[in-house]
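Shown next, in structure tokens, is the structure this report addresses.
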Amino acid sequence: MFSEYPEGRGRVRVTAAGITIEGVSVAGRESFYKVPSFHVLLEFGRAPEDTVSYSTVCLTHGHLDHAAGLAHHASRRRLDGMPPARIFAPEEAVADLEGWLAFSQRLENVDYGLHIHSASPGATFRLRNDLELKVLPGRHRVPTVGYLFSEIKHKLKDEFLDLPGEKIAALRAQGTEVTRREEIPLLAYTGDCAPAIFDAAPELFTARVLLIECSFVLPEDRDRAGAYAHLHLEDFLERASDFRNEAIVLTHFSQRYRVEEIRQALVSLPDTLAERVIAFLA
């Protein structure tokens, strides 16, 4: 049976620390990740049919293996009678992306009604009452950002824990702040990145799940990783003790590797890291 992807590199579905991630990631060819529990799409890839219903899309950068589905996604949502999606993209890329959409709309003689939201490092967006998106800095050859998804809880302050409900209600009615905000970092995603990302975005180390590229894994490809501003497996070995994540999903492996080569290379990880690493492979 014909497959357009290298063996073992097509559609993948993993569950990491309770968070399911599904998609395709082959460096230079196509990357997109569906996160059903957030109802968020990370990257467009080529925007296959099952991504069209996702109304929030976080785009890390403009390389076509990550962004080629932009106009198709917008066009299909309009055709299916769905409202425009909410698209986040690096501030520096917004004008060019909207120009691309403008050309596509003229070709189709339609108006997608889509506006791309500028994502600048440090900005936060409320996705749901209990889910917040924070934009992280990126480090790649073109303007890039990462994303951190956090669960938001409001818990009663310690000094009010022993009070009856009616007293707490009365204090709240008087304008007293009786709860404290708690942020639980659930998922961090880097997009394509160089090793400088670890100093630029230390939040990566503390998210429950880290979804991060590892484009190169063989020793002879270390210089290649540096030249293309991608991560190499040795970058993880050098910082093994820094990762406090419950799960680390390595993705975006180069097309030059067979699945067996990737899995064999991962054997070099120390046990404390290896037990938490999940390779995004079929």
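FYI, nothing fancy with the structure tokens labels: chains A, B, ... in order, residues from 1 per chain, ligands from 1 as they appear.
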
Considering only strand (DSSP E or B) as DSSP defines it on the backbone, what residues of segment 171-273 of chain A qualify? List them as an MDAnalysis selection string. chainID A and resid 179:189 209:213 216 232 247:251

Close residues, segment 180-196 of chain A itself excluded, 9 Å, only C-alpha atoms, min 4 positions apart in chain, as an NGL selection string: :A and (19 or 42-43 or 59-61 or 66 or 132 or 136-141 or 144-157 or 200-201 or 203-215 or 225-226 or 228-232 or 235 or 252)

Quick one: of A:Arg256, A:Gly10, A:Ser55, A:Ser75, who's nearest to Asn109 of chain A, counting only C-alpha atoms?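 Using only C-alpha atoms, the shortest distance to Asn109 of chain A belongs to A:Ser75.
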
Residue nearest Phe236 of chain A - candidates A:Thr56, A:Ser268, A:Ser25, A:Gln255, atoms counted: only C-alpha atoms: A:Ser268

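Here the question is which of A:Leu64, A:Leu41, A:Leu266, A:Val249 gets nearest to Arg86 of chain A using only C-alpha atoms, and that residue is A:Leu41.
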
Please indicate the distance in Å from atom CA of Asp223 of chain A to atom CA of Leu273 of chain A, rounded to one decimal place.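 Calculated distance between atom CA of Asp223 of chain A and atom CA of Leu273 of chain A is 23.8 Å.
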
Name the residues in contact with Gly69 of chain A at a cut-off of 10 Å, using only C-alpha atoms, excluding same-chain residues fewer than 3 positions from it; report them as a PyMOL selection string. chain A and resi 30+32+43-48+51-52+64-66+72-75

Written file, previous selection with C-alpha atoms, as a PDB file, in the first residue's frame:
ATOM      1  CA  GLU A  30       5.118  18.352   7.264  1.00  0.00           C
ATOM      2  CA  PHE A  32       1.096  19.501  12.744  1.00  0.00           C
ATOM      3  CA  GLU A  43       1.110  24.220  13.259  1.00  0.00           C
ATOM      4  CA  PHE A  44      -0.769  23.711   9.985  1.00  0.00           C
ATOM      5  CA  GLY A  45       1.394  21.233   8.090  1.00  0.00           C
ATOM      6  CA  ARG A  46      -0.808  20.756   5.062  1.00  0.00           C
ATOM      7  CA  ALA A  47      -4.010  21.067   7.155  1.00  0.00           C
ATOM      8  CA  PRO A  48      -5.531  17.618   6.543  1.00  0.00           C
ATOM      9  CA  THR A  51      -7.730  19.599  11.480  1.00  0.00           C
ATOM     10  CA  VAL A  52     -10.326  21.866   9.881  1.00  0.00           C
ATOM     11  CA  LEU A  64       6.121  25.826   4.823  1.00  0.00           C
ATOM     12  CA  ASP A  65       6.439  22.409   6.435  1.00  0.00           C
ATOM     13  CA  HIS A  66       4.727  24.057   9.416  1.00  0.00           C
ATOM     14  CA  HIS A  72      -6.475  25.750   2.910  1.00  0.00           C
ATOM     15  CA  HIS A  73      -7.609  25.640   6.543  1.00  0.00           C
ATOM     16  CA  ALA A  74      -9.263  29.055   6.223  1.00  0.00           C
ATOM     17  CA  SER A  75     -10.893  28.174   2.908  1.00  0.00           C
TER      18      SER A  75
END

Judged by only C-alpha atoms, the minimum distance to Glu238 of chain A among A:Leu269, A:Ile21, A:Val26, A:Ala67 is found for A:Leu269

If I take atom CA of Asn129 of chain A and atom CA of Ala17 of chain A, how far is one from the other in Å, to one decimal?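 Atom CA of Ala17 of chain A lies at a distance of 21.9 Å from atom CA of Asn129 of chain A.
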
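For the choices A:Ala169, A:Leu70, A:Val40, A:Ile197, the atom-to-atom distance to Leu133 of chain A is smallest for A:Val40 when using only C-alpha atoms.
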
I need the residue nearest Phe280 of chain A from this list: A:Tyr54, A:Tyr33, A:Phe198, A:Trp100. Use only C-alpha atoms for the distance.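 Using only C-alpha atoms, Phe280 of chain A sits closest to A:Tyr33.
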
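Between atom CA of Pro84 of chain A and atom CA of Leu101 of chain A the separation is 12.4 Å.
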
Out of segment 98-131 of chain A, which residues get alpha helix (DSSP H) from DSSP, as a VMD selection string? chain A and resid 98 to 108

Give me the residues near Ser118 of chain A as a ChimeraX atom specification, where near means some atom within 7 Å (using only C-alpha atoms) and where sequence neighbours in that chain fewer than 4 positions away do not count. /A:88-91,94
